[in-house]
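A.B. asks: This is input-v3.tsv, which holds TSV, C-alpha atoms (C1' of nucleotides):
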```
chain	number	residue	atom	x	y	z
A	1	MET	CA	13.16	55.01	141.67
A	2	ASN	CA	12.89	56.28	145.25
A	3	LYS	CA	14.74	59.27	146.58
A	4	GLU	CA	17.28	57.28	148.55
A	5	ASP	CA	18.38	55.53	145.39
A	6	ARG	CA	18.35	58.72	143.41
A	7	VAL	CA	20.62	60.44	145.92
A	8	ILE	CA	23.06	57.54	146.06
A	9	MET	CA	23.13	56.97	142.33
A	10	GLY	CA	23.29	60.68	141.68
A	11	PHE	CA	26.38	60.95	143.81
A	12	ARG	CA	27.92	57.85	142.25
A	13	ASP	CA	27.46	59.30	138.81
A	14	LEU	CA	28.71	62.70	139.91
A	15	TYR	CA	31.78	61.18	141.49
A	16	ASN	CA	32.60	59.09	138.43
A	17	LYS	CA	32.18	62.09	136.20
A	18	MET	CA	34.46	64.17	138.37
A	19	VAL	CA	37.18	61.54	138.48
A	20	TRP	CA	37.00	61.03	134.75
A	21	LEU	CA	37.14	64.73	133.97
A	22	ASN	CA	39.82	65.64	136.50
A	23	LYS	CA	42.06	62.69	135.67
A	24	ASP	CA	42.80	64.05	132.21
A	25	LYS	CA	43.58	67.50	133.54
A	26	MET	CA	45.75	65.99	136.27
A	27	GLU	CA	47.75	63.87	133.91
A	28	GLU	CA	48.12	66.88	131.68
A	29	GLY	CA	49.54	69.03	134.45
A	30	LEU	CA	51.47	66.23	136.11
A	31	LYS	CA	52.83	64.29	133.18
A	32	GLY	CA	54.47	61.03	134.14
A	33	TYR	CA	52.67	60.73	137.47
A	34	LYS	CA	49.75	58.37	137.96
A	35	SER	CA	46.80	59.58	140.03
A	36	SER	CA	47.46	56.87	142.61
A	37	GLU	CA	51.01	58.17	143.03
A	38	VAL	CA	49.74	61.71	143.46
A	39	HIS	CA	47.18	60.53	146.00
A	40	CYS	CA	49.99	58.97	148.02
A	41	ILE	CA	52.04	62.15	147.85
A	42	GLU	CA	49.04	64.17	148.95
A	43	TYR	CA	48.34	61.90	151.90
A	44	ILE	CA	51.96	61.75	153.01
A	45	GLU	CA	52.27	65.52	153.07
A	46	LYS	CA	49.04	66.00	154.96
A	47	ASN	CA	49.54	63.23	157.52
A	48	ALA	CA	52.67	63.00	159.61
A	49	ASP	CA	54.26	59.59	160.06
A	50	SER	CA	52.26	57.86	157.37
A	51	ASN	CA	53.20	54.29	156.56
A	52	VAL	CA	52.09	51.62	154.12
A	53	THR	CA	49.22	50.43	156.30
A	54	LYS	CA	47.75	53.86	156.94
A	55	LEU	CA	48.01	54.78	153.27
A	56	ALA	CA	46.28	51.56	152.27
A	57	GLU	CA	43.39	52.10	154.68
A	58	SER	CA	42.90	55.73	153.72
A	59	LEU	CA	43.14	55.24	149.98
A	60	TYR	CA	41.09	52.03	149.99
A	61	MET	CA	43.83	49.97	148.42
A	62	THR	CA	45.77	46.89	149.51
A	63	ARG	CA	49.07	47.13	151.35
A	64	GLY	CA	50.67	45.29	148.44
A	65	ALA	CA	49.67	48.00	146.00
A	66	ILE	CA	50.80	50.81	148.29
A	67	SER	CA	54.08	49.05	148.91
A	68	LYS	CA	54.81	49.04	145.19
A	69	ILE	CA	53.78	52.65	144.71
A	70	THR	CA	55.88	53.95	147.58
A	71	GLN	CA	58.91	52.04	146.32
A	72	LYS	CA	58.45	53.63	142.95
A	73	LEU	CA	58.13	57.06	144.55
A	74	ILE	CA	61.35	56.49	146.47
A	75	HIS	CA	63.18	55.55	143.28
A	76	LYS	CA	61.81	58.66	141.62
A	77	GLY	CA	63.14	60.68	144.53
A	78	LEU	CA	59.77	62.10	145.53
A	79	ILE	CA	59.53	60.60	148.99
A	80	GLU	CA	61.98	59.18	151.53
A	81	SER	CA	61.49	56.67	154.30
A	82	TYR	CA	62.53	56.87	157.92
A	83	GLN	CA	62.11	54.83	161.06
A	84	LYS	CA	61.83	55.55	164.73
A	85	SER	CA	64.45	54.39	167.18
A	86	ASP	CA	61.99	52.34	169.22
A	87	ASN	CA	60.44	50.42	166.36
A	88	LYS	CA	62.34	48.42	163.77
A	89	LYS	CA	59.22	47.27	161.94
A	90	GLU	CA	57.23	50.29	160.90
A	91	ILE	CA	58.51	52.41	158.03
A	92	TYR	CA	57.31	55.98	157.66
A	93	PHE	CA	57.40	58.33	154.71
A	94	ARG	CA	57.90	62.04	154.13
A	95	LEU	CA	58.19	64.12	150.98
A	96	THR	CA	61.50	65.22	149.54
A	97	GLU	CA	61.87	68.73	148.12
A	98	GLN	CA	61.10	67.31	144.71
A	99	GLY	CA	58.01	65.62	146.13
A	100	LYS	CA	56.84	68.90	147.56
A	101	VAL	CA	57.03	70.43	144.09
A	102	ILE	CA	54.60	67.79	142.85
A	103	PHE	CA	52.41	68.37	145.87
A	104	ARG	CA	52.18	72.05	145.13
A	105	ILE	CA	51.33	71.50	141.48
A	106	HIS	CA	48.58	69.18	142.62
A	107	GLU	CA	47.29	71.79	145.03
A	108	ASP	CA	47.20	74.35	142.26
A	109	LEU	CA	45.26	72.02	140.02
A	110	HIS	CA	42.88	71.42	142.87
A	111	LYS	CA	42.30	75.14	143.19
A	112	GLU	CA	41.77	75.31	139.46
A	113	PHE	CA	39.03	72.70	139.72
A	114	GLN	CA	37.45	74.63	142.55
A	115	GLU	CA	37.47	77.75	140.44
A	116	ARG	CA	35.96	75.83	137.56
A	117	ASP	CA	33.11	74.56	139.75
A	118	LYS	CA	32.60	77.75	141.73
A	119	ALA	CA	29.31	78.50	140.03
A	120	VAL	CA	27.77	75.28	141.34
A	121	PHE	CA	28.34	76.30	144.93
A	122	GLU	CA	27.38	79.92	144.58
A	123	HIS	CA	23.75	79.58	145.55
A	124	VAL	CA	24.17	76.83	148.10
A	125	THR	CA	23.10	78.17	151.48
A	126	GLU	CA	24.86	77.51	154.77
A	127	GLU	CA	21.90	75.40	155.82
A	128	GLN	CA	22.21	73.24	152.73
A	129	PHE	CA	25.93	72.77	153.30
A	130	ASP	CA	25.39	71.79	156.90
A	131	SER	CA	22.57	69.47	155.97
A	132	MET	CA	24.69	67.68	153.38
A	133	LEU	CA	27.68	67.50	155.68
A	134	SER	CA	25.69	66.02	158.51
A	135	PHE	CA	24.16	63.49	156.14
A	136	VAL	CA	27.56	62.46	154.80
A	137	GLU	CA	29.06	62.19	158.25
A	138	LYS	CA	26.14	60.21	159.57
A	139	TYR	CA	26.25	57.80	156.64
A	140	SER	CA	29.99	57.50	156.94
A	141	ARG	CA	29.79	56.58	160.60
A	142	HIS	CA	27.09	54.07	159.83
A	143	LEU	CA	29.29	52.39	157.23
A	144	ASP	CA	32.26	52.41	159.60
A	145	ALA	CA	30.15	50.46	162.03
A	146	GLU	CA	29.10	48.04	159.28
A	147	ILE	CA	32.67	47.58	158.15
A	148	LYS	CA	33.68	46.83	161.70
A	149	LYS	CA	30.84	44.35	162.02
A	150	GLN	CA	31.87	42.76	158.72
A	151	GLY	CA	35.41	42.39	160.01
A	152	ILE	CA	34.13	40.46	163.00
A	153	ASP	CA	31.79	38.43	160.83
A	154	MET	CA	34.60	37.42	158.53
A	155	LYS	CA	36.74	36.02	161.31
A	156	SER	CA	33.86	34.09	162.81
A	157	GLU	CA	33.11	32.36	159.50
B	1	MET	CA	39.28	73.11	154.95
B	2	ASN	CA	36.30	74.97	153.50
B	3	LYS	CA	32.82	73.54	153.20
B	4	GLU	CA	32.99	72.92	149.47
B	5	ASP	CA	36.01	70.69	149.96
B	6	ARG	CA	34.49	69.00	152.94
B	7	VAL	CA	31.35	68.12	151.00
B	8	ILE	CA	33.28	66.81	148.02
B	9	MET	CA	35.82	64.88	150.06
B	10	GLY	CA	33.11	63.64	152.38
B	11	PHE	CA	31.26	62.18	149.45
B	12	ARG	CA	34.41	60.73	147.96
B	13	ASP	CA	35.20	58.98	151.19
B	14	LEU	CA	31.60	57.83	151.61
B	15	TYR	CA	31.54	56.47	148.10
B	16	ASN	CA	34.82	54.60	148.50
B	17	LYS	CA	33.63	53.14	151.76
B	18	MET	CA	30.40	51.99	150.20
B	19	VAL	CA	32.10	50.36	147.24
B	20	TRP	CA	34.61	48.64	149.48
B	21	LEU	CA	31.96	47.34	151.86
B	22	ASN	CA	29.43	46.28	149.23
B	23	LYS	CA	31.98	44.63	146.97
B	24	ASP	CA	32.63	41.87	149.49
B	25	LYS	CA	28.93	41.24	150.01
B	26	MET	CA	28.37	41.26	146.25
B	27	GLU	CA	31.11	38.79	145.53
B	28	GLU	CA	29.79	36.66	148.34
B	29	GLY	CA	26.28	36.53	146.91
B	30	LEU	CA	27.38	36.46	143.28
B	31	LYS	CA	30.37	34.16	143.40
B	32	GLY	CA	32.28	34.03	140.14
B	33	TYR	CA	30.94	37.34	138.84
B	34	LYS	CA	33.05	40.47	138.91
B	35	SER	CA	31.38	43.76	139.83
B	36	SER	CA	32.10	45.15	136.37
B	37	GLU	CA	30.26	42.22	134.82
B	38	VAL	CA	27.31	42.75	137.12
B	39	HIS	CA	27.27	46.45	136.28
B	40	CYS	CA	27.03	45.56	132.60
B	41	ILE	CA	24.20	43.13	133.25
B	42	GLU	CA	22.39	45.76	135.28
B	43	TYR	CA	22.73	48.39	132.58
B	44	ILE	CA	21.72	46.04	129.77
B	45	GLU	CA	18.54	45.04	131.57
B	46	LYS	CA	17.60	48.60	132.39
B	47	ASN	CA	18.38	50.14	129.00
B	48	ALA	CA	16.98	48.75	125.80
B	49	ASP	CA	19.30	48.41	122.82
B	50	SER	CA	22.50	48.96	124.74
B	51	ASN	CA	25.73	48.50	122.85
B	52	VAL	CA	29.45	48.65	123.62
B	53	THR	CA	29.67	52.41	123.18
B	54	LYS	CA	26.69	53.25	125.39
B	55	LEU	CA	27.91	50.88	128.09
B	56	ALA	CA	31.37	52.43	128.00
B	57	GLU	CA	30.03	55.96	128.35
B	58	SER	CA	27.65	55.09	131.15
B	59	LEU	CA	30.05	53.00	133.16
B	60	TYR	CA	32.99	55.35	132.60
B	61	MET	CA	35.15	52.69	131.01
B	62	THR	CA	36.80	52.32	127.62
B	63	ARG	CA	35.11	50.56	124.72
B	64	GLY	CA	37.93	48.06	124.74
B	65	ALA	CA	37.19	47.00	128.29
B	66	ILE	CA	33.45	46.72	127.65
B	67	SER	CA	34.08	44.75	124.49
B	68	LYS	CA	36.01	42.16	126.46
B	69	ILE	CA	33.48	42.00	129.27
B	70	THR	CA	30.52	41.55	126.94
B	71	GLN	CA	32.33	38.81	125.06
B	72	LYS	CA	32.93	37.03	128.32
B	73	LEU	CA	29.29	37.44	129.30
B	74	ILE	CA	28.22	35.96	125.97
B	75	HIS	CA	30.47	32.95	126.51
B	76	LYS	CA	29.02	32.53	129.97
B	77	GLY	CA	25.55	32.59	128.44
B	78	LEU	CA	24.36	35.59	130.43
B	79	ILE	CA	23.73	37.95	127.54
B	80	GLU	CA	23.15	37.62	123.81
B	81	SER	CA	23.79	40.02	120.96
B	82	TYR	CA	21.50	41.08	118.16
B	83	GLN	CA	21.52	43.53	115.32
B	84	LYS	CA	18.96	45.58	113.48
B	85	SER	CA	18.17	45.02	109.85
B	86	ASP	CA	19.11	48.54	108.81
B	87	ASN	CA	22.51	48.66	110.50
B	88	LYS	CA	25.28	46.12	110.04
B	89	LYS	CA	27.71	47.91	112.34
B	90	GLU	CA	26.07	48.38	115.71
B	91	ILE	CA	25.70	45.36	117.96
B	92	TYR	CA	23.14	45.39	120.76
B	93	PHE	CA	22.80	43.23	123.86
B	94	ARG	CA	19.99	41.73	125.90
B	95	LEU	CA	19.96	39.39	128.88
B	96	THR	CA	19.34	35.67	128.54
B	97	GLU	CA	17.17	33.88	131.09
B	98	GLN	CA	20.33	32.97	132.96
B	99	GLY	CA	21.40	36.60	132.88
B	100	LYS	CA	18.09	37.64	134.36
B	101	VAL	CA	18.71	35.33	137.28
B	102	ILE	CA	21.92	37.17	138.03
B	103	PHE	CA	20.12	40.48	137.61
B	104	ARG	CA	17.53	39.49	140.18
B	105	ILE	CA	20.13	38.34	142.69
B	106	HIS	CA	21.81	41.68	142.27
B	107	GLU	CA	18.55	43.49	142.82
B	108	ASP	CA	17.97	41.54	146.01
B	109	LEU	CA	21.41	42.40	147.30
B	110	HIS	CA	20.71	46.00	146.47
B	111	LYS	CA	17.56	45.88	148.57
B	112	GLU	CA	19.54	44.27	151.34
B	113	PHE	CA	21.97	47.21	151.33
B	114	GLN	CA	19.06	49.60	151.40
B	115	GLU	CA	17.65	47.81	154.41
B	116	ARG	CA	21.04	47.91	156.08
B	117	ASP	CA	21.31	51.67	155.59
B	118	LYS	CA	17.69	52.48	156.28
B	119	ALA	CA	18.48	54.11	159.60
B	120	VAL	CA	20.63	56.74	157.90
B	121	PHE	CA	17.71	57.97	155.82
B	122	GLU	CA	15.08	57.80	158.50
B	123	HIS	CA	15.35	61.36	159.70
B	124	VAL	CA	16.16	62.96	156.38
B	125	THR	CA	13.37	65.35	155.51
B	126	GLU	CA	11.82	65.81	152.08
B	127	GLU	CA	13.42	69.23	151.92
B	128	GLN	CA	16.85	67.79	152.57
B	129	PHE	CA	16.36	65.14	149.91
B	130	ASP	CA	15.27	67.70	147.37
B	131	SER	CA	18.10	70.00	148.29
B	132	MET	CA	20.68	67.26	147.82
B	133	LEU	CA	19.12	66.07	144.61
B	134	SER	CA	19.06	69.52	143.10
B	135	PHE	CA	22.68	70.04	144.11
B	136	VAL	CA	23.75	66.75	142.55
B	137	GLU	CA	21.85	67.41	139.36
B	138	LYS	CA	23.18	70.93	139.07
B	139	TYR	CA	26.75	69.78	139.61
B	140	SER	CA	26.29	66.92	137.20
B	141	ARG	CA	25.04	69.23	134.46
B	142	HIS	CA	27.93	71.55	135.12
B	143	LEU	CA	30.43	68.73	134.66
B	144	ASP	CA	28.66	67.54	131.53
B	145	ALA	CA	29.22	70.97	130.08
B	146	GLU	CA	32.87	70.89	131.14
B	147	ILE	CA	33.36	67.44	129.65
B	148	LYS	CA	31.85	68.67	126.42
B	149	LYS	CA	34.16	71.69	126.47
B	150	GLN	CA	37.12	69.41	127.16
B	151	GLY	CA	36.15	67.27	124.16
B	152	ILE	CA	36.33	70.32	121.94
B	153	ASP	CA	39.55	71.47	123.57
B	154	MET	CA	41.21	68.15	122.93
B	155	LYS	CA	40.54	68.21	119.23
B	156	SER	CA	41.80	71.75	118.87
B	157	GLU	CA	45.15	70.90	120.46
C	1	DC	C1'	28.28	58.82	92.85
C	2	DT	C1'	32.97	59.22	94.93
C	3	DT	C1'	35.97	60.20	98.47
C	4	DA	C1'	37.06	61.78	103.17
C	5	DT	C1'	35.74	61.63	107.93
C	6	DT	C1'	33.54	59.70	111.85
C	7	DT	C1'	31.63	56.00	114.44
C	8	DT	C1'	31.72	51.34	116.13
C	9	DG	C1'	33.66	47.25	117.87
C	10	DT	C1'	37.91	44.29	118.33
C	11	DT	C1'	42.65	43.07	119.31
C	12	DG	C1'	47.39	42.78	121.48
C	13	DA	C1'	50.80	44.78	124.35
C	14	DC	C1'	51.23	46.61	128.62
C	15	DA	C1'	50.71	48.41	133.42
C	16	DG	C1'	48.22	48.75	137.74
C	17	DG	C1'	46.28	46.68	141.49
C	18	DG	C1'	44.30	42.46	144.20
C	19	DA	C1'	45.01	37.90	146.62
C	20	DA	C1'	47.75	35.14	149.01
C	21	DA	C1'	51.97	33.47	150.91
C	22	DC	C1'	55.78	34.99	153.29
C	23	DA	C1'	59.51	36.84	156.78
C	24	DA	C1'	60.47	39.91	160.42
C	25	DA	C1'	59.17	42.47	164.20
C	26	DA	C1'	55.93	43.60	167.89
C	27	DT	C1'	52.53	42.37	171.08
C	28	DG	C1'	49.94	39.30	174.07
C	29	DA	C1'	49.21	35.21	176.98
C	30	DC	C1'	50.99	32.22	180.26
D	1	DG	C1'	61.24	34.60	180.70
D	2	DT	C1'	58.89	31.48	176.47
D	3	DC	C1'	55.66	30.64	172.93
D	4	DA	C1'	51.58	31.98	170.19
D	5	DT	C1'	49.26	35.62	167.83
D	6	DT	C1'	49.02	39.88	165.45
D	7	DT	C1'	50.88	43.56	162.77
D	8	DT	C1'	53.69	45.31	159.09
D	9	DG	C1'	55.78	45.39	154.77
D	10	DT	C1'	57.25	42.72	150.62
D	11	DT	C1'	56.94	39.59	146.76
D	12	DT	C1'	54.87	36.59	143.15
D	13	DC	C1'	51.21	35.35	140.29
D	14	DC	C1'	47.35	36.69	137.93
D	15	DC	C1'	43.40	39.30	136.24
D	16	DT	C1'	41.34	43.56	134.74
D	17	DG	C1'	41.24	47.61	132.27
D	18	DT	C1'	43.80	51.19	129.37
D	19	DC	C1'	45.96	52.54	125.20
D	20	DA	C1'	46.71	52.54	120.58
D	21	DA	C1'	46.28	50.53	116.19
D	22	DC	C1'	43.07	48.51	113.38
D	23	DA	C1'	39.08	46.99	110.02
D	24	DA	C1'	34.43	47.60	108.73
D	25	DA	C1'	30.46	50.20	108.36
D	26	DA	C1'	28.04	54.58	108.38
D	27	DT	C1'	27.90	59.33	107.54
D	28	DA	C1'	29.39	63.78	105.58
D	29	DA	C1'	31.41	66.59	102.00
D	30	DG	C1'	32.32	67.53	97.37
```
For the structure just supplied, provide its representation as structure tokens.

C.D. replies:
Amino acid sequence: MNKEDRVIMGFRDLYNKMVWLNKDKMEEGLKGYKSSEVHCIEYIEKNADSNVTKLAESLYMTRGAISKITQKLIHKGLIESYQKSDNKKEIYFRLTEQGKVIFRIHEDLHKEFQERDKAVFEHVTEEQFDSMLSFVEKYSRHLDAEIKKQGIDMKSE
Amino acid sequence: MNKEDRVIMGFRDLYNKMVWLNKDKMEEGLKGYKSSEVHCIEYIEKNADSNVTKLAESLYMTRGAISKITQKLIHKGLIESYQKSDNKKEIYFRLTEQGKVIFRIHEDLHKEFQERDKAVFEHVTEEQFDSMLSFVEKYSRHLDAEIKKQGIDMKSE
DNA sequence: CTTATTTTGTTGACAGGGAAACAAAATGAC
DNA sequence: GTCATTTTGTTTCCCTGTCAACAAAATAAG
């Protein structure tokens, strides 16, 4: 296997492992809340004026799925919706006080994971960090361009 | 946001993007086959004597899910099961000729993706590759240890 | 050898998310 | 202005994967 493949597959495996391991801990600390719900809460708190469409694009899910999740979160009293006076179509979300409690618990768990994995990062140099970051960003931009291209392709078919 | 987070989240986003983009192409080239089915086919071809349990662990899915997928693949005539004379419990899988056709199409698509992303890797030096690989492997081992620990924790609860 | 425990694969009930069709509002073309 | 197109959010149907209970075989404990 060449190095390109090894890097990609290595990261795939690492990512899967991380999700699998953290999911249990998450659902232990946040009983009754699915990870997708928590992801929505996290995004809503960090991004002002988030709506169904933005959530869907950022979390790589369909608008249908996000629509259902946000409705559930409203019923649970974790988020609330609001609109702007000049637009009767778009519906935005913000956290309620109760939602912020969940957000904070999630943040704490996140810190816990960071603490758990601290040792891995200890001997990573600044140069290595920067190298990885620039690689990730470059690849990400490349895929953005491909996704855009794909979007055009699809319509022309 | 610190660099640790940026690396992790950067990779998460990159991974999601890649899955999202490649899934369409995959389902275009392999009409009628779900990505999970293709993943099973890929693993079975690359690992001798694979069974439900090994597939589940490697693909980060439950045995129940893999059991259903492999049954479907058998009905479709893509894989076949066999047992060993000294064990009446474990059931292994191998690809049929038809399954190998699918495997090869998948391989070709994989190469196509590699070609598409070639530019990203062009200016990555050997040192950068090695640095990323060692990071991934180190992190992966760390998580393996944590997963193992978690396994023990769970039983003691 | 006998009995308890673990491993392996399967099943059925259930929930989460995707695809597609849809209505309502916003935007664009003219 | 009017009409067509696009954007946004919702709903219904359906498929996939999880969970938990299970049976059968293998292994461990005694």

A.B. asks: Nearest residue to chain A out of B:Ser35, B:Gln98, B:Thr62, B:Asn51, using only C-alpha atoms?

C.D. replies: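 Smallest distance to chain A is found for B:Thr62.
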
A.B. asks: Nearest to chain C among B:His39, B:His123, B:Lys111, B:Lys89, with distances taken over only C-alpha atoms (C1' of nucleotides): which residue is it?

C.D. replies: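 The answer is B:Lys89, which sits nearest to chain C.
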
A.B. asks: Record the distance separating CA of Lys3 in chain B and CA of Phe135 in chain B, expressed in Å with one decimal.

C.D. replies: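 One can read the CA of Lys3 in chain B to CA of Phe135 in chain B distance as 14.1 Å.
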
A.B. asks: For a quick check of understanding, using all atoms listed in the file, which of B:Glu122, B:Glu90, B:Glu137, B:Asp108 has the smallest distance to chain C?

C.D. replies: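 Checking each candidate against chain C, we get B:Glu90 as the closest.
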
A.B. asks: Within 9 Å of chain B, which residues of chain C show up when using all atoms listed in the file, listed as number ranges by chain?

C.D. replies: C: 8-11

A.B. asks: Kindly indicate which residue among A:Ala65, A:Leu14, A:Leu133, A:Leu78 lies nearest to chain D, using only C-alpha atoms (C1' of nucleotides) for the distances.

C.D. replies: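 Closest to chain D of all the choices is A:Ala65.
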
A.B. asks: At a cut-off of 10 Å, using all atoms listed in the file, what residues contact Ser140 in chain A? Leave out same-chain residues fewer than 5 positions from it and give the result as a PyMOL selection string.

C.D. replies: (chain A and resi 134-135+145-146) or (chain B and resi 10-11+13-15+17-18+120)

A.B. asks: In the coordinates of the file, take the point (31.9, 49.7, 104.9) and a cut-off of 10 Å; then, counting all atoms listed in the file, name each qualifying protein, DNA or RNA residue as number ranges by chain.

C.D. replies: B: 88-89; D: 23-26

A.B. asks: Please, which residues of chain D lie no more than 8 Å from chain A when the count uses all atoms listed in the file, and can they be set out as a ChimeraX atom specification?

C.D. replies: /D:8-10

A.B. asks: If we count only C-alpha atoms, which residues of chain B reach to within 10 Å of chain A? Please list them as a PyMOL selection string.

C.D. replies: chain B and resi 3-22+24-25+58-61+110+114+116-121+123-124+126-144+146-147+150

A.B. asks: Just give me the gap between CA of Glu45 in chain B and CA of Gly77 in chain B in Å, one decimal is fine.

C.D. replies: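 Computed distance, CA of Glu45 in chain B to CA of Gly77 in chain B, equals 14.6 Å.
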
A.B. asks: I'd like to know which of B:Ile41, B:Met26, B:Val101, B:Ala56 is closest to Lys72 in chain B, using all atoms listed in the file.

C.D. replies: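 That would be B:Ile41, the residue with the smallest distance to Lys72 in chain B.
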
A.B. asks: Separation of CA of Asn47 in chain A and CA of Arg104 in chain A, in Å?

C.D. replies: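 Value for the CA of Asn47 in chain A-CA of Arg104 in chain A distance: 15.4 Å.
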